[in-house]
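Chemist: Supplied in structure tokens, the structure appears directly below.
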Amino acid sequence: MSTTQRTRLQSAFKSALAAELAQAPLDRDSALRAAATACRSVLAERWAKTQAQDAKRGAKAKTRRVHYLSMEFLMGRALHNALAALGLTDTLAEALAPLGLQLADVLEREPDAALGNGGLGRLAACFLDSFAELGLPSFGYGLRYQFGMFAQGITEGRQVERPDDWLRLGTPWEQPRPECRYTVRFGGRVVVEGGQRRWVGGEEVVAQAFDFIVPAHHSERVSTLRQWQASSVKPIDFEAFCRGDYEGANRHRVAAEALNWVLYPDDSTDAGRELRLKQEAFLVSASLQDLIARHLREFGSLQGLGRANAIHLNDTHPALAPAELMRLLLDEHGLSWDEAWAITRQAVSYTNHTLMPEALETWPLRMFEALLPRHLEIIYEINQRFLDGVKAQLPGDTALLRRVSLIDEGPEHGGGERRVRMAALAVVASHRVNGVAQLHSDLCVQTIFADYARLFPQRFHNVTNGVTPRRWLMQANPGFSALLDETLGEGWRTDLGELAKLKKKAGQAKLQKAFLAVKQANKDKLAARIRQELGLVVNPTSLFDVQIKRIHEYKRQLLNILHVIARYQAIVANPQADWVPRTVVIAGKAASAYHMAKLIIQLAHDVARVVNSDPRVGDKLKLAFLPNYGVSLAETIIPAADLSEQISTAGTEASGTGNMKFALNGACTIGTWDGANIEMAQHMGVDEMFVFGLRTEAVEKIKALGYDPRLYVEENRQLKAVIDALGDGSFANGDTQRYRAIVDKLLQVDNYLLMADFADYVATQGRVDEAFRDRAAWAERALKNVAGMGWFSSDRTIAEYVERVWSVDSLA
Ligand code: 26V
């Protein structure tokens with residue numbers, strides 16, 4: 001950062017602060033807004049330069065402009081990242097000092113932009129960071145939700161959800177683009193005018209763009225997250241207003257704005273589901289209209305749109321995109337079906353993020369018909385042509401036609417409504433489909449997409465996920481970053497692959513000591529946070545064993561808690577033994593309607609209460625559930641972990657990205673042979689990870705043979721004691737019913753094979769204890785882990801997307 005830029009930021013900060021102080025007293029919030037406003041003006045200039053460069057690329061450019069469509073972007077805080085990227089961290093700290101403010105306190109005041117649920121949304125945010133860093137011409141497209149992921153409170157051990165009013169302090173980061181407005185239609189009907197089909201009537205909503213600018217750290221490039229805000233086309237109904245019918249006068253405005261209220265409305269009711277479908281259609285239509293307008297500005301014609309632009313579907317949520325693109329090209333721009341379809345197929349690509357059947361989107365036909373009648377026609381036509389092709393390729397296989405159709409006809413005999421299969425639409429309309437880790441991509445091809453993979457084998461690929469080292473190492477862990485600079489030089493900051501050089505040095509006692517000192521400082525901070533949040537004192541030198549992620553049965557937080565109970569019982573039975581002190585940290589949110597996940601949170605609190613207050617246990621074992629997990633909390637927890645829990649049932653976690661963040665920060669992993677854990681183990685050496693449990697094929701086999709969880713309980717006294725304690729009210733103040741549902745499920749179905757994996761898990765935790773006794777050896781292992789993590793940068797992931805999915809060459 002040049003001196004001029006530094007002076008510019010200082011003066012921009014001063015004038016923004018003066019404007020703030022005209023309205024509010026000086027405090028950390030007004031300083032935060034002023035700092036954001038000052039950074040924004042520098043970013044806006046970089047944005048204009050980046051756009052000008054990209055617009056000049058011309059038709060021969062090898063890289064296509066990428067349009068990353070996602071219903072979720074889990075950005076977290078922005079100020080720290082912006083300052084680091086602009087090289088202005090010290091400048092702002094100096095400007096704050098005379099005001100009596102500490103930079104760290106100001107940074108803490110920024111609310112997280114939590115516009116995502118979990119892994120999928122955070123991945124999108126890491127990708128924007130890499131788009132900027134790699135200088136990729138791109139737009140992220142999303143919705144400007146007024147309320148993000150709910151805030152989690154805990155009352156009497158139970159989760160309560162509160163709205164996340166993240167915009168309450170204003171939106172200093174946004175660049176409104178008043179000139180960037182499009183109309184989106186819902187409902188209405190299809191008419192034919194002069195042989196041309198057109199969608200008319202219904203309700204019209206305006207989409208307006210708000211840009212969030214993401215800076216590169218090693219160039220002046222930026223990437224853009226363009227988020228759409230809905231408003232009514234019509235102003236208030238004046239007549240109704242004059243009649244005194246205020247609600248009626250405003251109803252259409254409220255309905256339009258409802259599109260932006262919340263991330264993922266509860267979709268358990270029909271009304272909720274309809275709002276979600278509207279959100280998806282709104283995102284897709286506004287984004288594609290924007291793309292087409294830009295393409296026409298730059299190229300003057302729609303020919304070549306598919307060669308110059310990639311439209312990427314982050315899961316099926318934006319899978320209406322091919323139907324909407326077809327509609328725009330056919331109805332609004334007069335292209336023929338074949339021309340429009342060729343462009344669409346070239347442009348569109350799709351990433352699948354889960355194999356969980358509950359999460360695969362389908363929409364009732366009647367809802368589609370009412371809301372998006374023209375899209376439904378187009379989907380029928382796509383389906384007809386696709387099925388004709390299948391018939392020609394594999395004649396006579398009617399069962400196959402039924403399986404691959406874009407329309408689910410419902411159960412063969414009676415009942416069940418017809419539905420549109422969004423994943424099928426995404427696969428059929430894409431030129432590339434990918435999973436997010438090798439195992440997941442293989443399973444996609446072998447299971448949910450097996451038929452399509454037979455029809456279009458060349459379409460399916462793998463691109464293993466990655467995380468941005470800017471936020472997840474440099475920003476979250478400055479201590480370790482400084483140690484890496486000292487040990488390796490600064491090259492790793494621009495090429496994470498250079499971490500490999502750490503492997504040869506991992507045996508050096510001096511480095512091990514320095515690593516342990518950094519880790520200890522991070523653990524001290526987390527211990528202070530635990531004390532502040534929960535009033536719980538933990539031993540900061542104990543083994544910090546951490547599992548943080550959404551609460552879901554397949555992720556098996558319950559297995560972790562069962563281990564805590566087993567350990568507790570063992571300690572009580574033998575308090576004098578030489579225990580390795582452990583602090584187990586769990587954090588995560590449960591979906592509001594997911595009862596079992598909520599019960600698991602309650603169990604964690606009940607077990608924590610009993611274990612943490614038992615004087616026989618002391619610091620040998622503590623359990624801390626930290627509320628309101630999110631990006632910022634993760635940034636404090638991850639650098640302090642000794643052990644990372646990645647214990648999903650093999651074959652269920654598509655990739656995981658938390659696993660990567662922990663390993664990058666020098667935590668060792670206890671994990672199953674699942675998702676990206678596998679590739680991590682391969683990159684750092686399988687023996688460096690604590691791997692346990694059944695592998696995917698074994699899971700399949702055991703289920704096929706008729707899995708009986710009770711056999712495992714009967715055979716294992718330790719497991720039996722744990723299950724008994726759950727059922728006899730030991731952790732529920734004598735209430736034998738509270739955890740009945742858990743016990744019953746474990747003994748009767750146990751879909752995720754906790755009982756089958758328990759013994760190996762506990763034994764492996766024993767190996768972890770033994771390894772942790774020798775701190776130097778532990779440090780060596782952790783450093784070897786870090787050395788293997790260079791490949792898991794999202795920069796590598798994006799480079800692979802460019803090569804395999806988004807490049808002009810991938811169209812050949
Ligand atoms: C969502 C739901 C919602 C309804 C209940 C069941 C259920 C099961 C799974 C999901 C996941 C939705 C998609 C998602 O977030 N996938 C995550 O994507 C990450 C980025 O690729 C990946 O690292 C995680 O393994 C994957 O779960």
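To be explicit about the labels: the chains of the structure tokens are called A, B, and onward in the order shown, and within each one the residues are counted from 1, while ligands get numbers from 1 in the order they are shown.
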With only C-alpha atoms and all ligand atoms counted, collect every polymer residue having an atom within 7 Å of ligand 1; state the result as an MDAnalysis selection string.

Modeler: chainID A and resid 118:121 123 353:354 356 358:359 436 465 653:657 675

Chemist: How would the residues just picked look written out with N, CA and C atoms as a PDB file, in the first residue's frame?

Modeler:
ATOM      1  N   GLY A 118     -24.544 -23.041   6.301  1.00  0.00           N
ATOM      2  CA  GLY A 118     -23.384 -23.807   6.748  1.00  0.00           C
ATOM      3  C   GLY A 118     -22.371 -23.926   5.629  1.00  0.00           C
ATOM      4  N   GLY A 119     -21.907 -25.155   5.433  1.00  0.00           N
ATOM      5  CA  GLY A 119     -20.786 -25.404   4.528  1.00  0.00           C
ATOM      6  C   GLY A 119     -20.959 -24.852   3.123  1.00  0.00           C
ATOM      7  N   LEU A 120     -22.145 -25.018   2.576  1.00  0.00           N
ATOM      8  CA  LEU A 120     -22.370 -24.585   1.195  1.00  0.00           C
ATOM      9  C   LEU A 120     -22.232 -23.068   1.051  1.00  0.00           C
ATOM     10  N   GLY A 121     -22.773 -22.353   2.027  1.00  0.00           N
ATOM     11  CA  GLY A 121     -22.721 -20.894   1.984  1.00  0.00           C
ATOM     12  C   GLY A 121     -21.324 -20.361   2.268  1.00  0.00           C
ATOM     13  N   LEU A 123     -18.562 -21.965   1.654  1.00  0.00           N
ATOM     14  CA  LEU A 123     -17.748 -22.289   0.484  1.00  0.00           C
ATOM     15  C   LEU A 123     -17.890 -21.175  -0.559  1.00  0.00           C
ATOM     16  N   HIS A 353     -23.938 -30.799  -3.625  1.00  0.00           N
ATOM     17  CA  HIS A 353     -23.298 -30.694  -2.305  1.00  0.00           C
ATOM     18  C   HIS A 353     -23.808 -31.695  -1.282  1.00  0.00           C
ATOM     19  N   THR A 354     -24.704 -32.565  -1.665  1.00  0.00           N
ATOM     20  CA  THR A 354     -25.142 -33.553  -0.681  1.00  0.00           C
ATOM     21  C   THR A 354     -25.836 -34.728  -1.360  1.00  0.00           C
ATOM     22  N   MET A 356     -27.817 -36.567   0.700  1.00  0.00           N
ATOM     23  CA  MET A 356     -28.949 -36.803   1.608  1.00  0.00           C
ATOM     24  C   MET A 356     -30.265 -36.672   0.842  1.00  0.00           C
ATOM     25  N   GLU A 358     -33.270 -36.233   1.810  1.00  0.00           N
ATOM     26  CA  GLU A 358     -34.180 -35.164   2.294  1.00  0.00           C
ATOM     27  C   GLU A 358     -33.810 -33.811   1.720  1.00  0.00           C
ATOM     28  N   ALA A 359     -32.537 -33.649   1.334  1.00  0.00           N
ATOM     29  CA  ALA A 359     -32.085 -32.333   0.908  1.00  0.00           C
ATOM     30  C   ALA A 359     -32.179 -32.145  -0.608  1.00  0.00           C
ATOM     31  N   VAL A 436     -18.024 -32.528  -4.585  1.00  0.00           N
ATOM     32  CA  VAL A 436     -17.133 -31.619  -3.867  1.00  0.00           C
ATOM     33  C   VAL A 436     -15.947 -32.291  -3.171  1.00  0.00           C
ATOM     34  N   ASN A 465     -13.259 -29.463  -2.648  1.00  0.00           N
ATOM     35  CA  ASN A 465     -13.379 -28.160  -1.984  1.00  0.00           C
ATOM     36  C   ASN A 465     -12.043 -27.662  -1.428  1.00  0.00           C
ATOM     37  N   GLU A 653     -20.888 -37.325   4.551  1.00  0.00           N
ATOM     38  CA  GLU A 653     -20.441 -35.918   4.501  1.00  0.00           C
ATOM     39  C   GLU A 653     -19.809 -35.683   3.137  1.00  0.00           C
ATOM     40  N   ALA A 654     -20.450 -34.832   2.328  1.00  0.00           N
ATOM     41  CA  ALA A 654     -19.980 -34.685   0.957  1.00  0.00           C
ATOM     42  C   ALA A 654     -18.493 -34.331   0.927  1.00  0.00           C
ATOM     43  N   SER A 655     -18.107 -33.326   1.683  1.00  0.00           N
ATOM     44  CA  SER A 655     -16.690 -32.959   1.727  1.00  0.00           C
ATOM     45  C   SER A 655     -16.289 -32.583   3.144  1.00  0.00           C
ATOM     46  N   GLY A 656     -16.985 -31.566   3.678  1.00  0.00           N
ATOM     47  CA  GLY A 656     -16.505 -30.919   4.883  1.00  0.00           C
ATOM     48  C   GLY A 656     -15.507 -29.859   4.454  1.00  0.00           C
ATOM     49  N   THR A 657     -15.493 -28.745   5.151  1.00  0.00           N
ATOM     50  CA  THR A 657     -14.477 -27.719   4.921  1.00  0.00           C
ATOM     51  C   THR A 657     -13.885 -27.289   6.262  1.00  0.00           C
ATOM     52  N   GLY A 675     -15.745 -38.037   2.914  1.00  0.00           N
ATOM     53  CA  GLY A 675     -15.588 -36.703   2.341  1.00  0.00           C
ATOM     54  C   GLY A 675     -14.135 -36.359   2.054  1.00  0.00           C
TER      55      GLY A 675
END

Chemist: Would you kindly return, as an mmCIF file with N, CA and C atoms, in the first residue's frame, each protein, DNA or RNA residue with an atom no farther than 12 Å from any atom of A:Glu179, considering only C-alpha atoms and excluding same-chain residues fewer than 3 positions away?

Modeler:
data_model
loop_
_atom_site.group_PDB
_atom_site.id
_atom_site.type_symbol
_atom_site.label_atom_id
_atom_site.label_comp_id
_atom_site.auth_asym_id
_atom_site.auth_seq_id
_atom_site.Cartn_x
_atom_site.Cartn_y
_atom_site.Cartn_z
ATOM 1 N N GLN A 175 -22.683 -1.135 -1.960
ATOM 2 C CA GLN A 175 -22.760 -0.122 -3.008
ATOM 3 C C GLN A 175 -24.102 -0.324 -3.695
ATOM 4 N N PRO A 176 -25.067 0.542 -3.455
ATOM 5 C CA PRO A 176 -26.329 0.380 -4.182
ATOM 6 C C PRO A 176 -26.097 0.712 -5.653
ATOM 7 N N TYR A 182 -34.173 -4.658 -12.647
ATOM 8 C CA TYR A 182 -34.866 -5.526 -13.604
ATOM 9 C C TYR A 182 -36.228 -5.890 -13.026
ATOM 10 N N VAL A 206 -39.707 -5.550 -8.694
ATOM 11 C CA VAL A 206 -38.447 -4.984 -9.174
ATOM 12 C C VAL A 206 -37.288 -5.595 -8.385
ATOM 13 N N ALA A 207 -36.231 -5.936 -9.104
ATOM 14 C CA ALA A 207 -35.005 -6.396 -8.441
ATOM 15 C C ALA A 207 -33.962 -5.293 -8.584
ATOM 16 N N GLN A 208 -33.436 -4.865 -7.447
ATOM 17 C CA GLN A 208 -32.383 -3.860 -7.503
ATOM 18 C C GLN A 208 -31.079 -4.408 -6.929
ATOM 19 N N ALA A 209 -29.968 -4.062 -7.580
ATOM 20 C CA ALA A 209 -28.682 -4.632 -7.178
ATOM 21 C C ALA A 209 -28.032 -3.829 -6.055
ATOM 22 N N PHE A 210 -27.442 -4.559 -5.119
ATOM 23 C CA PHE A 210 -26.556 -3.981 -4.111
ATOM 24 C C PHE A 210 -25.254 -4.771 -4.197
ATOM 25 N N ASP A 290 -29.325 -9.515 -15.833
ATOM 26 C CA ASP A 290 -28.121 -8.694 -15.659
ATOM 27 C C ASP A 290 -26.997 -9.200 -16.568
#

Chemist: From the list A:Phe212, A:Tyr452, A:Tyr145, A:Phe515, which residue is nearest A:Gly479 when using only C-alpha atoms?

Modeler: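 When distances to A:Gly479 are compared using only C-alpha atoms, the smallest one comes from A:Phe515.
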
Chemist: Hey, which of A:Val348, A:Leu694, A:Leu543, A:Ile382 ends up closest to A:Val805? Count only C-alpha atoms.

Modeler: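 The answer is A:Val348, which sits nearest to A:Val805.
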
Chemist: Using only C-alpha atoms, which of the listed residues (A:Met689, A:Val585, A:Met367, A:Met326) sits closest to A:Glu339?

Modeler: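 Closest residue, counting only C-alpha atoms: A:Met326.
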
Chemist: Tell me, as a list in words, which residues lie within 8 Å of stretch 729-740 of chain A, counting only C-alpha atoms; anything in the same chain fewer than 2 positions away does not count.

Modeler: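 Returned residues: Leu599, Leu603, Asp606, Val607, Val610, Ala725, Leu726, Gly727, Ile742, Val743 and Asp744 of chain A.
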
Chemist: I want to know what sits within 10 Å of A:Leu101, based on only C-alpha atoms, with residues of the same chain fewer than 6 positions away left out; could you give that as a ChimeraX atom specification?

Modeler: /A:26-28,31,93-95

Chemist: Which polymer residues have any atom within 9 Å of an atom of stretch 752-760 of chain A, counting only C-alpha atoms, with same-chain residues fewer than 2 positions away left out, as a VMD selection string?

Modeler: chain A and resid 553 to 556 558 to 559 562 to 563 648 to 650 652 692 to 694 699 707 709 to 713 716 718 to 719 746 to 747 749 to 750 762 to 765

Chemist: Please provide as a ChimeraX atom specification all residues within 9 Å of A:Thr89, with the sequence filter that same-chain residues fewer than 5 positions apart are discarded (counting only C-alpha atoms).

Modeler: /A:80,82-84,94,103

Chemist: If you count only C-alpha atoms, which residues fall within 10 Å of A:Trp492, apart from same-chain ones fewer than 5 positions away, as a list in words?

Modeler: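 Once the nearby chain positions are removed, what remains is Pro469, Ser481, Leu484, Asp485, Gly497, Glu498, Leu499, Ala500, Lys501 and Gly790 of chain A.
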
Chemist: Identify all residues of stretch 264-401 of chain A in strand (DSSP E) (DSSP on the backbone) and supply them as a PyMOL selection string.

Modeler: chain A and resi 309-314+348-351+362-364

Chemist: Smallest atom-to-atom distance to A:Leu143: which of A:Val463, A:Leu496, A:Ile798, A:Leu263, using only C-alpha atoms?

Modeler: A:Leu263

Chemist: Rounded to one decimal in Å, what is the spacing between atom CA of A:Asp331 and atom CA of A:Ser231?

Modeler: 24.3 Å

Chemist: Output as a PyMOL selection string all residues of stretch 219-449 of chain A that backbone DSSP marks as alpha helix (DSSP H).

Modeler: chain A and resi 238-242+246-257+270-299+305-308+321-327+337-347+365-371+373-393+398-404+422-429+438-446

Chemist: At what distance in Å, to one decimal, does atom CA of A:Ala340 lie from atom CA of A:Gly300?

Modeler: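 Result for atom CA of A:Gly300 versus atom CA of A:Ala340: 16.6 Å, one decimal.
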
Chemist: Could you check the closest approach to A:His312 for each of A:Gln23, A:Ser349, A:Asn522, A:Asn462 and tell me which residue wins, using only C-alpha atoms?

Modeler: A:Ser349

Chemist: With only C-alpha atoms as the basis for distance, which of A:Phe73, A:Trp261, A:Tyr246, A:Tyr380 is at the shortest distance from A:Asp164?

Modeler: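 Distance minimum relative to A:Asp164 lands on A:Trp261.
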
Chemist: In Å, rounded to a single decimal, give me how far atom CA of A:Gln289 is from atom CA of A:Thr362.

Modeler: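 Computing it gives 24.6 Å between the two atoms.
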